[in-house]
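So this block is work.cif, mmCIF, N, CA and C atoms:
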```
data_final
#
loop_
_atom_site.group_PDB
_atom_site.id
_atom_site.type_symbol
_atom_site.label_atom_id
_atom_site.label_comp_id
_atom_site.auth_asym_id
_atom_site.auth_seq_id
_atom_site.Cartn_x
_atom_site.Cartn_y
_atom_site.Cartn_z
ATOM 1 N N MET A 1 91.891 -31.697 191.856
ATOM 2 C CA MET A 1 91.428 -31.021 193.055
ATOM 3 C C MET A 1 90.435 -31.897 193.798
ATOM 4 N N ILE A 2 90.454 -31.784 195.101
ATOM 5 C CA ILE A 2 89.497 -32.535 195.905
ATOM 6 C C ILE A 2 88.305 -31.640 196.261
ATOM 7 N N ALA A 3 87.249 -32.265 196.730
ATOM 8 C CA ALA A 3 86.007 -31.551 197.014
ATOM 9 C C ALA A 3 86.232 -30.361 197.928
ATOM 10 N N ASN A 4 87.009 -30.538 198.982
ATOM 11 C CA ASN A 4 87.228 -29.460 199.937
ATOM 12 C C ASN A 4 87.883 -28.256 199.272
ATOM 13 N N ASP A 5 88.770 -28.491 198.302
ATOM 14 C CA ASP A 5 89.404 -27.391 197.571
ATOM 15 C C ASP A 5 88.364 -26.594 196.796
ATOM 16 N N PHE A 6 87.470 -27.284 196.089
ATOM 17 C CA PHE A 6 86.420 -26.604 195.333
ATOM 18 C C PHE A 6 85.507 -25.810 196.266
ATOM 19 N N LEU A 7 85.154 -26.387 197.403
ATOM 20 C CA LEU A 7 84.292 -25.697 198.353
ATOM 21 C C LEU A 7 84.977 -24.452 198.910
ATOM 22 N N ARG A 8 86.248 -24.567 199.227
ATOM 23 C CA ARG A 8 87.006 -23.432 199.759
ATOM 24 C C ARG A 8 87.091 -22.306 198.718
ATOM 25 N N ILE A 9 87.313 -22.649 197.454
ATOM 26 C CA ILE A 9 87.357 -21.649 196.382
ATOM 27 C C ILE A 9 86.037 -20.887 196.316
ATOM 28 N N GLU A 10 84.949 -21.559 196.614
ATOM 29 C CA GLU A 10 83.615 -20.942 196.590
ATOM 30 C C GLU A 10 83.252 -20.287 197.929
ATOM 31 N N ASN A 11 84.236 -20.057 198.786
ATOM 32 C CA ASN A 11 84.047 -19.433 200.104
ATOM 33 C C ASN A 11 83.222 -20.271 201.073
ATOM 34 N N LEU A 12 83.271 -21.579 200.917
ATOM 35 C CA LEU A 12 82.638 -22.484 201.870
ATOM 36 C C LEU A 12 83.753 -23.207 202.625
ATOM 37 N N ARG A 13 84.268 -22.531 203.634
ATOM 38 C CA ARG A 13 85.358 -23.097 204.419
ATOM 39 C C ARG A 13 84.804 -24.009 205.511
ATOM 40 N N ASN A 14 85.543 -25.066 205.817
ATOM 41 C CA ASN A 14 85.139 -25.973 206.900
ATOM 42 C C ASN A 14 84.857 -25.187 208.166
ATOM 43 N N GLY A 15 83.775 -25.550 208.833
ATOM 44 C CA GLY A 15 83.420 -24.916 210.096
ATOM 45 C C GLY A 15 82.729 -23.573 209.941
ATOM 46 N N ARG A 16 82.313 -23.226 208.743
ATOM 47 C CA ARG A 16 81.697 -21.921 208.486
ATOM 48 C C ARG A 16 80.475 -21.684 209.365
ATOM 49 N N MET A 17 80.398 -20.464 209.908
ATOM 50 C CA MET A 17 79.213 -20.005 210.636
ATOM 51 C C MET A 17 78.544 -18.930 209.795
ATOM 52 N N ILE A 18 77.234 -19.040 209.591
ATOM 53 C CA ILE A 18 76.548 -18.008 208.825
ATOM 54 C C ILE A 18 76.006 -16.906 209.725
ATOM 55 N N SER A 19 75.964 -17.174 211.034
ATOM 56 C CA SER A 19 75.503 -16.166 211.977
ATOM 57 C C SER A 19 75.846 -16.626 213.392
ATOM 58 N N GLU A 20 76.129 -15.679 214.241
ATOM 59 C CA GLU A 20 76.362 -16.034 215.647
ATOM 60 C C GLU A 20 75.050 -16.333 216.359
ATOM 61 N N SER A 21 73.955 -15.846 215.797
ATOM 62 C CA SER A 21 72.643 -16.067 216.393
ATOM 63 C C SER A 21 71.716 -16.750 215.386
ATOM 64 N N LYS A 22 71.305 -17.959 215.714
ATOM 65 C CA LYS A 22 70.402 -18.688 214.817
ATOM 66 C C LYS A 22 69.067 -17.968 214.671
ATOM 67 N N SER A 23 68.530 -17.449 215.768
ATOM 68 C CA SER A 23 67.226 -16.789 215.692
ATOM 69 C C SER A 23 67.310 -15.501 214.882
ATOM 70 N N ASP A 24 68.389 -14.733 215.023
ATOM 71 C CA ASP A 24 68.547 -13.521 214.208
ATOM 72 C C ASP A 24 68.627 -13.879 212.730
ATOM 73 N N TYR A 25 69.352 -14.930 212.397
ATOM 74 C CA TYR A 25 69.481 -15.329 210.994
ATOM 75 C C TYR A 25 68.124 -15.747 210.442
ATOM 76 N N ARG A 26 67.387 -16.542 211.225
ATOM 77 C CA ARG A 26 66.047 -16.969 210.780
ATOM 78 C C ARG A 26 65.122 -15.772 210.590
ATOM 79 N N ASP A 27 65.224 -14.795 211.497
ATOM 80 C CA ASP A 27 64.378 -13.602 211.387
ATOM 81 C C ASP A 27 64.700 -12.804 210.128
ATOM 82 N N ARG A 28 65.980 -12.725 209.771
ATOM 83 C CA ARG A 28 66.401 -11.962 208.588
ATOM 84 C C ARG A 28 66.191 -12.734 207.284
ATOM 85 N N ASN A 29 66.077 -14.053 207.374
ATOM 86 C CA ASN A 29 65.961 -14.910 206.190
ATOM 87 C C ASN A 29 64.837 -15.929 206.366
ATOM 88 N N PRO A 30 63.604 -15.466 206.536
ATOM 89 C CA PRO A 30 62.510 -16.382 206.883
ATOM 90 C C PRO A 30 62.184 -17.427 205.816
ATOM 91 N N ASN A 31 62.562 -17.195 204.577
ATOM 92 C CA ASN A 31 62.241 -18.144 203.507
ATOM 93 C C ASN A 31 63.393 -19.076 203.171
ATOM 94 N N SER A 32 64.464 -18.982 203.922
ATOM 95 C CA SER A 32 65.629 -19.823 203.667
ATOM 96 C C SER A 32 65.515 -21.174 204.363
ATOM 97 N N VAL A 33 66.092 -22.174 203.732
ATOM 98 C CA VAL A 33 66.191 -23.510 204.316
ATOM 99 C C VAL A 33 67.618 -23.639 204.832
ATOM 100 N N VAL A 34 67.755 -23.640 206.163
ATOM 101 C CA VAL A 34 69.062 -23.552 206.803
ATOM 102 C C VAL A 34 69.350 -24.804 207.631
ATOM 103 N N TYR A 35 70.590 -25.268 207.539
ATOM 104 C CA TYR A 35 71.074 -26.369 208.376
ATOM 105 C C TYR A 35 72.352 -25.915 209.051
ATOM 106 N N TYR A 36 72.289 -25.833 210.372
ATOM 107 C CA TYR A 36 73.468 -25.473 211.150
ATOM 108 C C TYR A 36 74.282 -26.738 211.399
ATOM 109 N N ASN A 37 75.591 -26.605 211.321
ATOM 110 C CA ASN A 37 76.497 -27.744 211.517
ATOM 111 C C ASN A 37 76.183 -28.892 210.557
ATOM 112 N N ALA A 38 75.855 -28.536 209.341
ATOM 113 C CA ALA A 38 75.563 -29.534 208.308
ATOM 114 C C ALA A 38 76.840 -30.256 207.896
ATOM 115 N N ASN A 39 76.667 -31.347 207.205
ATOM 116 C CA ASN A 39 77.782 -32.127 206.672
ATOM 117 C C ASN A 39 77.553 -32.340 205.194
ATOM 118 N N ILE A 40 78.632 -32.304 204.414
ATOM 119 C CA ILE A 40 78.552 -32.608 202.991
ATOM 120 C C ILE A 40 79.352 -33.880 202.751
ATOM 121 N N LEU A 41 78.724 -34.818 202.041
ATOM 122 C CA LEU A 41 79.367 -36.084 201.696
ATOM 123 C C LEU A 41 79.339 -36.289 200.193
ATOM 124 N N THR A 42 80.313 -37.045 199.715
ATOM 125 C CA THR A 42 80.286 -37.569 198.348
ATOM 126 C C THR A 42 80.446 -39.078 198.467
ATOM 127 N N ILE A 43 79.995 -39.794 197.466
ATOM 128 C CA ILE A 43 80.114 -41.253 197.503
ATOM 129 C C ILE A 43 81.584 -41.670 197.511
ATOM 130 N N ASN A 44 82.405 -41.020 196.711
ATOM 131 C CA ASN A 44 83.809 -41.425 196.602
ATOM 132 C C ASN A 44 84.673 -41.026 197.785
ATOM 133 N N ASP A 45 84.385 -39.870 198.404
ATOM 134 C CA ASP A 45 85.268 -39.369 199.467
ATOM 135 C C ASP A 45 84.649 -39.353 200.846
ATOM 136 N N GLY A 46 83.381 -39.702 200.967
ATOM 137 C CA GLY A 46 82.734 -39.639 202.278
ATOM 138 C C GLY A 46 82.535 -38.183 202.693
ATOM 139 N N LYS A 47 82.723 -37.913 203.979
ATOM 140 C CA LYS A 47 82.512 -36.561 204.500
ATOM 141 C C LYS A 47 83.627 -35.645 204.008
ATOM 142 N N VAL A 48 83.218 -34.544 203.337
ATOM 143 C CA VAL A 48 84.203 -33.622 202.773
ATOM 144 C C VAL A 48 84.108 -32.222 203.366
ATOM 145 N N TRP A 49 83.042 -31.957 204.141
ATOM 146 C CA TRP A 49 82.847 -30.588 204.635
ATOM 147 C C TRP A 49 81.859 -30.601 205.781
ATOM 148 N N TYR A 50 81.971 -29.599 206.673
ATOM 149 C CA TYR A 50 80.989 -29.378 207.727
ATOM 150 C C TYR A 50 80.895 -27.883 207.992
ATOM 151 N N GLY A 51 79.737 -27.442 208.420
ATOM 152 C CA GLY A 51 79.519 -26.036 208.740
ATOM 153 C C GLY A 51 78.067 -25.667 208.521
ATOM 154 N N ASP A 52 77.777 -24.385 208.615
ATOM 155 C CA ASP A 52 76.414 -23.896 208.432
ATOM 156 C C ASP A 52 76.120 -23.688 206.951
ATOM 157 N N LEU A 53 74.943 -24.139 206.536
ATOM 158 C CA LEU A 53 74.516 -23.977 205.143
ATOM 159 C C LEU A 53 73.130 -23.352 205.085
ATOM 160 N N ASP A 54 72.990 -22.394 204.221
ATOM 161 C CA ASP A 54 71.692 -21.867 203.845
ATOM 162 C C ASP A 54 71.475 -22.389 202.429
ATOM 163 N N LEU A 55 70.761 -23.495 202.308
ATOM 164 C CA LEU A 55 70.611 -24.134 201.001
ATOM 165 C C LEU A 55 69.951 -23.214 199.976
ATOM 166 N N THR A 56 69.093 -22.327 200.434
ATOM 167 C CA THR A 56 68.439 -21.409 199.530
ATOM 168 C C THR A 56 69.460 -20.481 198.872
ATOM 169 N N LYS A 57 70.458 -20.060 199.636
ATOM 170 C CA LYS A 57 71.497 -19.171 199.102
ATOM 171 C C LYS A 57 72.703 -19.940 198.566
ATOM 172 N N ASP A 58 73.043 -21.054 199.176
ATOM 173 C CA ASP A 58 74.250 -21.801 198.800
ATOM 174 C C ASP A 58 73.996 -22.879 197.751
ATOM 175 N N GLY A 59 72.741 -23.130 197.419
ATOM 176 C CA GLY A 59 72.407 -24.219 196.516
ATOM 177 C C GLY A 59 73.099 -24.131 195.165
ATOM 178 N N GLU A 60 73.098 -22.965 194.545
ATOM 179 C CA GLU A 60 73.745 -22.814 193.232
ATOM 180 C C GLU A 60 75.245 -23.084 193.336
ATOM 181 N N THR A 61 75.857 -22.605 194.394
ATOM 182 C CA THR A 61 77.288 -22.845 194.616
ATOM 183 C C THR A 61 77.552 -24.335 194.755
ATOM 184 N N LEU A 62 76.739 -25.012 195.534
ATOM 185 C CA LEU A 62 76.917 -26.449 195.725
ATOM 186 C C LEU A 62 76.720 -27.205 194.415
ATOM 187 N N LYS A 63 75.783 -26.774 193.610
ATOM 188 C CA LYS A 63 75.576 -27.413 192.308
ATOM 189 C C LYS A 63 76.791 -27.203 191.395
ATOM 190 N N ARG A 64 77.387 -26.006 191.449
ATOM 191 C CA ARG A 64 78.592 -25.730 190.652
ATOM 192 C C ARG A 64 79.747 -26.624 191.080
ATOM 193 N N VAL A 65 79.927 -26.760 192.382
ATOM 194 C CA VAL A 65 80.990 -27.619 192.913
ATOM 195 C C VAL A 65 80.742 -29.061 192.482
ATOM 196 N N SER A 66 79.514 -29.494 192.587
ATOM 197 C CA SER A 66 79.147 -30.846 192.194
ATOM 198 C C SER A 66 79.483 -31.102 190.728
ATOM 199 N N GLU A 67 79.153 -30.140 189.896
ATOM 200 C CA GLU A 67 79.437 -30.274 188.468
ATOM 201 C C GLU A 67 80.950 -30.317 188.214
ATOM 202 N N SER A 68 81.693 -29.469 188.900
ATOM 203 C CA SER A 68 83.155 -29.455 188.740
ATOM 204 C C SER A 68 83.781 -30.779 189.167
ATOM 205 N N LEU A 69 83.234 -31.362 190.219
ATOM 206 C CA LEU A 69 83.748 -32.635 190.732
ATOM 207 C C LEU A 69 83.269 -33.829 189.916
ATOM 208 N N GLY A 70 82.131 -33.660 189.276
ATOM 209 C CA GLY A 70 81.505 -34.795 188.601
ATOM 210 C C GLY A 70 80.914 -35.765 189.604
ATOM 211 N N GLU A 71 80.520 -35.231 190.762
ATOM 212 C CA GLU A 71 79.945 -36.046 191.835
ATOM 213 C C GLU A 71 78.773 -35.323 192.473
ATOM 214 N N ILE A 72 77.815 -36.078 192.947
ATOM 215 C CA ILE A 72 76.691 -35.526 193.689
ATOM 216 C C ILE A 72 77.174 -35.187 195.103
ATOM 217 N N LEU A 73 76.758 -34.019 195.589
ATOM 218 C CA LEU A 73 77.002 -33.645 196.982
ATOM 219 C C LEU A 73 75.733 -33.935 197.773
ATOM 220 N N TYR A 74 75.881 -34.607 198.893
ATOM 221 C CA TYR A 74 74.764 -34.958 199.771
ATOM 222 C C TYR A 74 74.882 -34.145 201.049
ATOM 223 N N ILE A 75 73.781 -33.505 201.457
ATOM 224 C CA ILE A 75 73.765 -32.669 202.649
ATOM 225 C C ILE A 75 73.051 -33.424 203.765
ATOM 226 N N LEU A 76 73.731 -33.537 204.907
ATOM 227 C CA LEU A 76 73.158 -34.222 206.068
ATOM 228 C C LEU A 76 73.130 -33.281 207.259
ATOM 229 N N ARG A 77 72.163 -33.526 208.130
ATOM 230 C CA ARG A 77 72.111 -32.784 209.396
ATOM 231 C C ARG A 77 73.304 -33.185 210.269
ATOM 232 N N GLU A 78 73.585 -32.331 211.232
ATOM 233 C CA GLU A 78 74.707 -32.585 212.131
ATOM 234 C C GLU A 78 74.606 -33.961 212.785
ATOM 235 N N SER A 79 73.473 -34.276 213.365
ATOM 236 C CA SER A 79 73.355 -35.515 214.137
ATOM 237 C C SER A 79 73.418 -36.773 213.267
ATOM 238 N N ASP A 80 73.163 -36.635 211.971
ATOM 239 C CA ASP A 80 73.184 -37.806 211.091
ATOM 240 C C ASP A 80 74.583 -38.187 210.625
ATOM 241 N N CYS A 81 75.556 -37.311 210.859
ATOM 242 C CA CYS A 81 76.906 -37.602 210.369
ATOM 243 C C CYS A 81 77.983 -37.176 211.367
ATOM 244 N N ARG A 82 77.629 -37.159 212.647
ATOM 245 C CA ARG A 82 78.610 -36.833 213.675
ATOM 246 C C ARG A 82 78.402 -37.778 214.846
ATOM 247 N N PHE A 83 79.286 -37.632 215.783
ATOM 248 C CA PHE A 83 79.226 -38.404 217.014
ATOM 249 C C PHE A 83 79.248 -39.896 216.701
ATOM 250 N N GLU A 84 78.297 -40.669 217.181
ATOM 251 C CA GLU A 84 78.333 -42.121 216.967
ATOM 252 C C GLU A 84 77.977 -42.520 215.537
ATOM 253 N N ASN A 85 77.460 -41.601 214.744
ATOM 254 C CA ASN A 85 77.032 -41.934 213.382
ATOM 255 C C ASN A 85 78.108 -41.748 212.316
ATOM 256 N N GLU A 86 79.154 -40.997 212.599
ATOM 257 C CA GLU A 86 80.083 -40.635 211.530
ATOM 258 C C GLU A 86 80.916 -41.797 210.999
ATOM 259 N N ASN A 87 80.965 -42.902 211.694
ATOM 260 C CA ASN A 87 81.738 -44.045 211.217
ATOM 261 C C ASN A 87 80.909 -45.036 210.398
ATOM 262 N N GLN A 88 79.652 -44.700 210.147
ATOM 263 C CA GLN A 88 78.821 -45.561 209.310
ATOM 264 C C GLN A 88 79.314 -45.493 207.869
ATOM 265 N N PRO A 89 79.084 -46.536 207.088
ATOM 266 C CA PRO A 89 79.473 -46.502 205.679
ATOM 267 C C PRO A 89 78.784 -45.340 204.943
ATOM 268 N N THR A 90 79.499 -44.736 204.027
ATOM 269 C CA THR A 90 78.980 -43.589 203.277
ATOM 270 C C THR A 90 77.651 -43.903 202.609
ATOM 271 N N LEU A 91 77.511 -45.095 202.036
ATOM 272 C CA LEU A 91 76.258 -45.438 201.354
ATOM 273 C C LEU A 91 75.082 -45.487 202.321
ATOM 274 N N GLU A 92 75.337 -45.773 203.583
ATOM 275 C CA GLU A 92 74.276 -45.726 204.594
ATOM 276 C C GLU A 92 73.980 -44.282 204.987
ATOM 277 N N LEU A 93 75.032 -43.490 205.140
ATOM 278 C CA LEU A 93 74.858 -42.096 205.551
ATOM 279 C C LEU A 93 74.071 -41.290 204.523
ATOM 280 N N ILE A 94 74.362 -41.480 203.244
ATOM 281 C CA ILE A 94 73.690 -40.644 202.242
ATOM 282 C C ILE A 94 72.188 -40.921 202.162
ATOM 283 N N LYS A 95 71.742 -42.029 202.702
ATOM 284 C CA LYS A 95 70.303 -42.302 202.762
ATOM 285 C C LYS A 95 69.594 -41.303 203.681
ATOM 286 N N LYS A 96 70.364 -40.664 204.571
ATOM 287 C CA LYS A 96 69.813 -39.691 205.518
ATOM 288 C C LYS A 96 69.879 -38.262 204.990
ATOM 289 N N ALA A 97 70.342 -38.076 203.771
ATOM 290 C CA ALA A 97 70.516 -36.735 203.218
ATOM 291 C C ALA A 97 69.200 -35.962 203.198
ATOM 292 N N VAL A 98 69.277 -34.694 203.584
ATOM 293 C CA VAL A 98 68.109 -33.814 203.537
ATOM 294 C C VAL A 98 68.000 -33.142 202.172
ATOM 295 N N TRP A 99 69.093 -33.167 201.405
ATOM 296 C CA TRP A 99 69.117 -32.578 200.073
ATOM 297 C C TRP A 99 70.360 -33.073 199.360
ATOM 298 N N ASN A 100 70.298 -33.100 198.031
ATOM 299 C CA ASN A 100 71.508 -33.370 197.252
ATOM 300 C C ASN A 100 71.474 -32.516 195.999
ATOM 301 N N THR A 101 72.592 -32.428 195.344
ATOM 302 C CA THR A 101 72.748 -31.476 194.246
ATOM 303 C C THR A 101 72.045 -31.880 192.955
ATOM 304 N N THR A 102 71.317 -32.986 192.951
ATOM 305 C CA THR A 102 70.490 -33.318 191.782
ATOM 306 C C THR A 102 69.078 -32.751 191.940
ATOM 307 N N GLU A 103 68.766 -32.230 193.115
ATOM 308 C CA GLU A 103 67.426 -31.732 193.418
ATOM 309 C C GLU A 103 67.321 -30.225 193.183
ATOM 310 N N GLU A 104 66.088 -29.752 193.109
ATOM 311 C CA GLU A 104 65.841 -28.308 193.023
ATOM 312 C C GLU A 104 66.303 -27.639 194.323
ATOM 313 N N ILE A 105 66.703 -26.403 194.211
ATOM 314 C CA ILE A 105 67.127 -25.649 195.398
ATOM 315 C C ILE A 105 65.885 -25.349 196.246
ATOM 316 N N PRO A 106 65.935 -25.667 197.535
ATOM 317 C CA PRO A 106 64.735 -25.506 198.369
ATOM 318 C C PRO A 106 64.483 -24.076 198.826
ATOM 319 N N PHE A 107 63.214 -23.753 198.936
ATOM 320 C CA PHE A 107 62.739 -22.489 199.509
ATOM 321 C C PHE A 107 61.585 -22.833 200.423
ATOM 322 N N LYS A 108 61.389 -22.028 201.450
ATOM 323 C CA LYS A 108 60.226 -22.236 202.333
ATOM 324 C C LYS A 108 59.022 -21.588 201.714
#
```
What's the structure tokens form of this structure?
Amino acid sequence: MIANDFLRIENLRNGRMISESKSDYRDRNPNSVVYYNANILTINDGKVWYGDLDLTKDGETLKRVSESLGEILYILRESDCRFENENQPTLELIKKAVWNTTEEIPFK
């Protein structure tokens, strides 16, 4: 199985939106660490996923996927892995990661 398959099984489909309103979501989840239009990369496959992530809620799921794959998942902001940046080598992109699955799950 590839990374995207594992993510889909865990209900993390490409392009996922966690809320139509960013401010409403922040108001309802003030202690969550959220990245809208985030990107997930692995060293072996590069970019494997994009969409909204609430790392506080999705962190355990991402760690499970990482363990199943035997690979670290790196989370990047939208601007660090899209537009003119998405063609950079994966090893350069992961240096911009805001979190990865070897770290503790973040809370505000």
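Nearest residue to A:Lys96, choosing from A:Phe83, A:Arg77, A:Asn31, A:Gly70 and counting only N, CA and C atoms: A:Arg77.
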- Query: How many Å separate atom N of A:Pro30 from atom CA of A:Leu53?
  - Reply: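 Atom-to-atom, atom N of A:Pro30 to atom CA of A:Leu53, that is 13.9 Å.
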- Task: Per DSSP on the backbone, filter chain A down to the residues in strand (DSSP E) and report them as number ranges by chain.
- Result: A: 34-42, 46-54, 74-76, 99-100
If you take every atom of stretch 24-29 of chain A that the file lists and fit an axis-aligned box around them with 3 Å extra on each side, what centre and edge lengths come out in Å to one decimal, as JSON?
```
{"center_x": 66.9, "center_y": -14.5, "center_z": 210.6, "size_x": 11.1, "size_y": 11.0, "size_z": 14.8}
```
- Just the residues within 6 Å of stretch 58-68 of chain A, please, counting all atoms listed in the file, with nothing from its chain fewer than 4 positions along; format it as a PyMOL selection string. chain A and resi 6+54+72-73+101+105
- Task: Evaluate the PyMOL selection byres ((chain A and resi 107) around 6.5) on the structure here and hand back the selected residues as a list in words.
- Result: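 So the PyMOL selection byres ((chain A and resi 107) around 6.5) ends up selecting Asn31, Ser32, Val33, Thr56, Ile105, Pro106 and Lys108 of chain A.
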- Which is closest to A:Ser19 among A:Asp52, A:Thr90, A:Tyr74, A:Leu41, if we use only N, CA and C atoms?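 When distances to A:Ser19 are compared using only N, CA and C atoms, the smallest one comes from A:Asp52.
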- Query: So, counting only C-alpha atoms, which residue among A:Leu7, A:Ile94, A:Leu69, A:Met17 is closest to A:Tyr36?
  - Reply: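 Of A:Leu7, A:Ile94, A:Leu69, A:Met17, the one nearest A:Tyr36 is A:Met17, counting only C-alpha atoms.
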- So how far away is atom CA of A:Leu76 from atom CA of A:Thr42, in Å?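 The value is 11.0 Å.
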- Task: Calculate how many Å separate atom CA of A:Ser21 from atom CA of A:Gly46, rounding to one decimal.
- Result: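 The value is 29.3 Å.
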- Could you tell me which residues the PyMOL selection byres (((chain A and resi 49 and name CA) around 7) and name CA) returns for this structure, as JSON, numbers by chain? {"A": [4, 14, 39, 40, 47, 48, 50, 51]}
- Message: Using DSSP assignments from the backbone, pull out every residue in chain A that falls under helix (DSSP H, G or I) and give it to me as a PyMOL selection string.
- Response: chain A and resi 3-9+22-28+55-69+78-80+83-85+90-96
- Query: Nearest to A:Ala38 among A:Asn11, A:Ser79, A:Thr102, A:Ser23, with distances taken over only N, CA and C atoms: which residue is it?
  - Reply: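 Closest to A:Ala38, using only N, CA and C atoms: A:Ser79.
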- Message: Using only C-alpha atoms, can you tell me which of A:Ile2, A:Val98, A:Asn44, A:Tyr35 comes closest to A:Arg16?
- Response: A:Tyr35
